[in-house]
Amino acid sequence: MKEREVTERGQYVLRLIKDEDVLLTLEDFCARKGILSGSFRAIGAVKEAKIGYYDLASKKYGSKVYLDEMEVASMTGNVAQVDGKPFIHVHAVLSGMKPGSENQPVAGHVFEAIVAVTLEVQLTAFNENISREFDDDIGLKLLNI
């Protein structure tokens, strides 16, 4: 295990609006506010969500696109620096809303998602700069702590 103590810079409550790109909007917010690292959680609804998983054996992601609106039962993530810019890492549990898929969960890494109704985000910014570095063994950019 690696560990690093961080101090809280501030808390933000954000309301993303219909048709906003979740990841791009959060990246832009962090860049504008100079947020170098942090964590967040959110609830709401999204559509056009690309959800996936990482296969360590092949060192490749798999994914599936869900075009319909889905309830965001839980969304959590963190902010770190990649190439000097905010990088948003997000996982979510989404729930079907379309007839026949009501309350059926889908979960995993969020590659893309568009706000369907609203997305309410609580973001905690840290004072410290946490970056991501590529790990050859894992095949991903991991938190550098």
# chains A, B, ... in the order shown; residues from 1 in each chain; ligands from 1

call {"tool": "select_by_dssp", "arguments": {"residues": "chain A", "states": "strand (DSSP E or B)", "output": "number ranges by chain"}}
result
A: 8-17, 21, 37-55, 60-66, 70-82, 85-96, 105-126, 131-135, 140-144

call {"tool": "closest_residue", "arguments": {"among": "A:Phe134, A:Phe111, A:Phe126, A:Phe40", "to": "Val65 of chain A", "atoms": "only C-alpha atoms"}}
result
A:Phe111

call {"tool": "closest_residue", "arguments": {"among": "A:Ile114, A:Ala42, A:Asp83, A:Gly34", "to": "Leu67 of chain A", "atoms": "only C-alpha atoms"}}
result
A:Ile114

call {"tool": "closest_residue", "arguments": {"among": "A:Leu36, A:Ile138, A:Ala116, A:Leu24", "to": "Pro86 of chain A", "atoms": "only C-alpha atoms"}}
result
A:Leu36

call {"tool": "residues_around", "arguments": {"residues": "Val117 of chain A", "least_positions_apart": "2", "cutoff": "8 Å", "atoms": "only C-alpha atoms", "output": "MDAnalysis selection string"}}
result
chainID A and resid 17:19 44:46 115 119

call {"tool": "closest_residue", "arguments": {"among": "A:Lys141, A:Arg9, A:Lys2, A:Lys64", "to": "His89 of chain A", "atoms": "only C-alpha atoms"}}
result
A:Lys141

call {"tool": "atom_distance", "arguments": {"atom1": "atom CA of Lys59 of chain A", "atom2": "atom CA of His91 of chain A"}}
result
18.2 Å

call {"tool": "residues_around", "arguments": {"residues": "segment 50-52 of chain A", "least_positions_apart": "4", "cutoff": "12 Å", "atoms": "only C-alpha atoms", "output": "mmCIF file with C-alpha atoms, in the first residue's frame"}}
result
data_model
loop_
_atom_site.group_PDB
_atom_site.id
_atom_site.type_symbol
_atom_site.label_atom_id
_atom_site.label_comp_id
_atom_site.auth_asym_id
_atom_site.auth_seq_id
_atom_site.Cartn_x
_atom_site.Cartn_y
_atom_site.Cartn_z
ATOM 1 C CA ASP A 21 -20.670 16.188 -20.982
ATOM 2 C CA VAL A 22 -19.912 14.942 -17.466
ATOM 3 C CA LEU A 23 -16.157 14.371 -17.768
ATOM 4 C CA VAL A 46 -27.205 10.371 -17.538
ATOM 5 C CA LYS A 60 -7.139 -3.448 -22.468
ATOM 6 C CA TYR A 61 -10.480 -1.899 -21.644
ATOM 7 C CA GLY A 62 -13.795 -3.348 -22.671
ATOM 8 C CA SER A 63 -16.881 -1.145 -22.823
ATOM 9 C CA LYS A 64 -20.513 -0.903 -23.776
ATOM 10 C CA VAL A 65 -22.581 2.135 -24.715
ATOM 11 C CA TYR A 66 -25.965 2.712 -23.069
ATOM 12 C CA LEU A 67 -27.901 5.294 -25.097
ATOM 13 C CA ASP A 68 -31.023 5.430 -22.921
ATOM 14 C CA MET A 70 -30.250 5.950 -16.685
ATOM 15 C CA MET A 75 -20.998 7.982 -8.972
ATOM 16 C CA VAL A 90 -14.991 8.040 -12.557
ATOM 17 C CA HIS A 91 -16.876 4.872 -11.681
ATOM 18 C CA ALA A 92 -20.648 4.623 -11.450
ATOM 19 C CA VAL A 93 -23.598 2.411 -10.726
ATOM 20 C CA LEU A 94 -26.389 3.250 -13.145
ATOM 21 C CA PRO A 105 -27.945 -2.042 -12.550
ATOM 22 C CA VAL A 106 -24.979 -1.385 -14.798
ATOM 23 C CA ALA A 107 -21.659 -0.521 -13.197
ATOM 24 C CA GLY A 108 -18.058 0.182 -14.052
ATOM 25 C CA HIS A 109 -15.575 2.738 -15.316
ATOM 26 C CA VAL A 110 -17.194 5.776 -16.945
ATOM 27 C CA PHE A 111 -15.577 6.659 -20.272
ATOM 28 C CA GLU A 112 -18.347 9.014 -21.385
ATOM 29 C CA ALA A 113 -21.687 10.250 -20.111
ATOM 30 C CA ILE A 114 -24.054 13.077 -20.956
#

call {"tool": "residues_around", "arguments": {"residues": "Cys30 of chain A", "least_positions_apart": "2", "cutoff": "10 Å", "atoms": "only C-alpha atoms", "output": "ChimeraX atom specification"}}
result
/A:24-28,32-38,79-80,85-88,123,125

call {"tool": "write_last_selection", "arguments": {"atoms": "N, CA and C atoms", "output": "PDB file, in the first residue's frame"}}
result
ATOM      1  N   LEU A  24     -15.949  16.171 -19.381  1.00  0.00           N
ATOM      2  CA  LEU A  24     -15.398  17.439 -19.873  1.00  0.00           C
ATOM      3  C   LEU A  24     -15.784  18.615 -18.982  1.00  0.00           C
ATOM      4  N   THR A  25     -17.020  18.610 -18.485  1.00  0.00           N
ATOM      5  CA  THR A  25     -17.474  19.694 -17.612  1.00  0.00           C
ATOM      6  C   THR A  25     -16.681  19.701 -16.304  1.00  0.00           C
ATOM      7  N   LEU A  26     -16.455  18.513 -15.729  1.00  0.00           N
ATOM      8  CA  LEU A  26     -15.681  18.445 -14.483  1.00  0.00           C
ATOM      9  C   LEU A  26     -14.215  18.812 -14.723  1.00  0.00           C
ATOM     10  N   GLU A  27     -13.638  18.368 -15.839  1.00  0.00           N
ATOM     11  CA  GLU A  27     -12.254  18.750 -16.173  1.00  0.00           C
ATOM     12  C   GLU A  27     -12.134  20.260 -16.313  1.00  0.00           C
ATOM     13  N   ASP A  28     -13.075  20.871 -17.020  1.00  0.00           N
ATOM     14  CA  ASP A  28     -13.056  22.316 -17.224  1.00  0.00           C
ATOM     15  C   ASP A  28     -13.194  23.060 -15.898  1.00  0.00           C
ATOM     16  N   ARG A  32     -10.380  25.590 -14.407  1.00  0.00           N
ATOM     17  CA  ARG A  32     -10.699  26.996 -14.117  1.00  0.00           C
ATOM     18  C   ARG A  32     -10.418  27.362 -12.669  1.00  0.00           C
ATOM     19  N   LYS A  33     -10.662  26.421 -11.758  1.00  0.00           N
ATOM     20  CA  LYS A  33     -10.471  26.681 -10.328  1.00  0.00           C
ATOM     21  C   LYS A  33      -9.067  26.338  -9.850  1.00  0.00           C
ATOM     22  N   GLY A  34      -8.233  25.805 -10.720  1.00  0.00           N
ATOM     23  CA  GLY A  34      -6.877  25.434 -10.326  1.00  0.00           C
ATOM     24  C   GLY A  34      -6.847  24.257  -9.364  1.00  0.00           C
ATOM     25  N   ILE A  35      -7.808  23.355  -9.486  1.00  0.00           N
ATOM     26  CA  ILE A  35      -7.869  22.188  -8.607  1.00  0.00           C
ATOM     27  C   ILE A  35      -6.899  21.139  -9.139  1.00  0.00           C
ATOM     28  N   LEU A  36      -5.899  20.808  -8.342  1.00  0.00           N
ATOM     29  CA  LEU A  36      -4.856  19.869  -8.743  1.00  0.00           C
ATOM     30  C   LEU A  36      -5.196  18.432  -8.389  1.00  0.00           C
ATOM     31  N   SER A  37      -6.011  18.265  -7.366  1.00  0.00           N
ATOM     32  CA  SER A  37      -6.425  16.923  -6.957  1.00  0.00           C
ATOM     33  C   SER A  37      -7.670  17.037  -6.089  1.00  0.00           C
ATOM     34  N   GLY A  38      -8.397  15.918  -5.991  1.00  0.00           N
ATOM     35  CA  GLY A  38      -9.594  15.925  -5.177  1.00  0.00           C
ATOM     36  C   GLY A  38     -10.383  14.646  -5.355  1.00  0.00           C
ATOM     37  N   VAL A  79      -9.797  13.337  -8.865  1.00  0.00           N
ATOM     38  CA  VAL A  79      -9.141  14.271  -9.762  1.00  0.00           C
ATOM     39  C   VAL A  79      -7.651  14.172  -9.484  1.00  0.00           C
ATOM     40  N   ALA A  80      -6.864  14.025 -10.537  1.00  0.00           N
ATOM     41  CA  ALA A  80      -5.410  14.032 -10.424  1.00  0.00           C
ATOM     42  C   ALA A  80      -4.870  14.701 -11.682  1.00  0.00           C
ATOM     43  N   LYS A  85      -2.652  18.600 -16.612  1.00  0.00           N
ATOM     44  CA  LYS A  85      -4.070  18.962 -16.713  1.00  0.00           C
ATOM     45  C   LYS A  85      -4.896  18.071 -15.805  1.00  0.00           C
ATOM     46  N   PRO A  86      -6.058  18.568 -15.349  1.00  0.00           N
ATOM     47  CA  PRO A  86      -6.919  17.724 -14.518  1.00  0.00           C
ATOM     48  C   PRO A  86      -7.383  16.489 -15.294  1.00  0.00           C
ATOM     49  N   PHE A  87      -7.301  15.345 -14.631  1.00  0.00           N
ATOM     50  CA  PHE A  87      -7.772  14.079 -15.192  1.00  0.00           C
ATOM     51  C   PHE A  87      -8.849  13.554 -14.265  1.00  0.00           C
ATOM     52  N   ILE A  88     -10.019  13.306 -14.819  1.00  0.00           N
ATOM     53  CA  ILE A  88     -11.166  12.848 -14.036  1.00  0.00           C
ATOM     54  C   ILE A  88     -11.288  11.337 -14.189  1.00  0.00           C
ATOM     55  N   LEU A 123     -17.840  17.997  -4.690  1.00  0.00           N
ATOM     56  CA  LEU A 123     -16.419  17.833  -4.974  1.00  0.00           C
ATOM     57  C   LEU A 123     -15.585  18.412  -3.840  1.00  0.00           C
ATOM     58  N   ALA A 125     -11.863  19.498  -2.985  1.00  0.00           N
ATOM     59  CA  ALA A 125     -10.558  19.808  -3.571  1.00  0.00           C
ATOM     60  C   ALA A 125      -9.486  19.678  -2.497  1.00  0.00           C
TER      61      ALA A 125
END

call {"tool": "select_by_dssp", "arguments": {"residues": "chain A", "states": "alpha helix (DSSP H)", "output": "count of residues only"}}
result
12

call {"tool": "atom_distance", "arguments": {"atom1": "atom CA of Glu71 of chain A", "atom2": "atom CA of Ala49 of chain A"}}
result
11.1 Å

call {"tool": "residues_around", "arguments": {"residues": "Val13 of chain A", "least_positions_apart": "2", "cutoff": "9 Å", "atoms": "only C-alpha atoms", "output": "list in words"}}
result
Gln11, Arg15, Glu120, Val121, Gln122, Leu123 and Thr124 of chain A

call {"tool": "write_last_selection", "arguments": {"atoms": "N, CA and C atoms", "output": "short mmCIF file (atom, residue, chain, number, x, y, z; two decimals), in the first residue's frame"}}
result
data_model
loop_
_atom_site.label_atom_id
_atom_site.label_comp_id
_atom_site.auth_asym_id
_atom_site.auth_seq_id
_atom_site.Cartn_x
_atom_site.Cartn_y
_atom_site.Cartn_z
N GLN A 11 -14.70 22.75 -0.46
CA GLN A 11 -15.79 21.90 -0.93
C GLN A 11 -16.61 22.70 -1.95
N ARG A 15 -24.06 21.67 -9.96
CA ARG A 15 -25.23 21.09 -10.61
C ARG A 15 -25.00 21.14 -12.11
N GLU A 120 -25.96 16.15 -9.71
CA GLU A 120 -25.57 16.92 -8.52
C GLU A 120 -24.28 16.34 -7.98
N VAL A 121 -23.26 17.18 -7.93
CA VAL A 121 -21.90 16.75 -7.60
C VAL A 121 -21.42 17.46 -6.35
N GLN A 122 -20.83 16.70 -5.43
CA GLN A 122 -20.12 17.28 -4.29
C GLN A 122 -18.65 16.96 -4.49
N LEU A 123 -17.84 18.00 -4.69
CA LEU A 123 -16.42 17.83 -4.97
C LEU A 123 -15.58 18.41 -3.84
N THR A 124 -14.65 17.62 -3.35
CA THR A 124 -13.70 18.08 -2.34
C THR A 124 -12.36 18.27 -3.01
#

call {"tool": "atom_distance", "arguments": {"atom1": "atom CA of Asp137 of chain A", "atom2": "atom CA of Gln81 of chain A"}}
result
20.5 Å

call {"tool": "closest_residue", "arguments": {"among": "A:Met97, A:Asn129, A:Leu142, A:Ala31", "to": "Glu5 of chain A", "atoms": "only C-alpha atoms"}}
result
A:Asn129

call {"tool": "residues_around", "arguments": {"residues": "Glu3 of chain A", "least_positions_apart": "5", "cutoff": "12 Å", "atoms": "only C-alpha atoms", "output": "ChimeraX atom specification"}}
result
/A:130,143-145
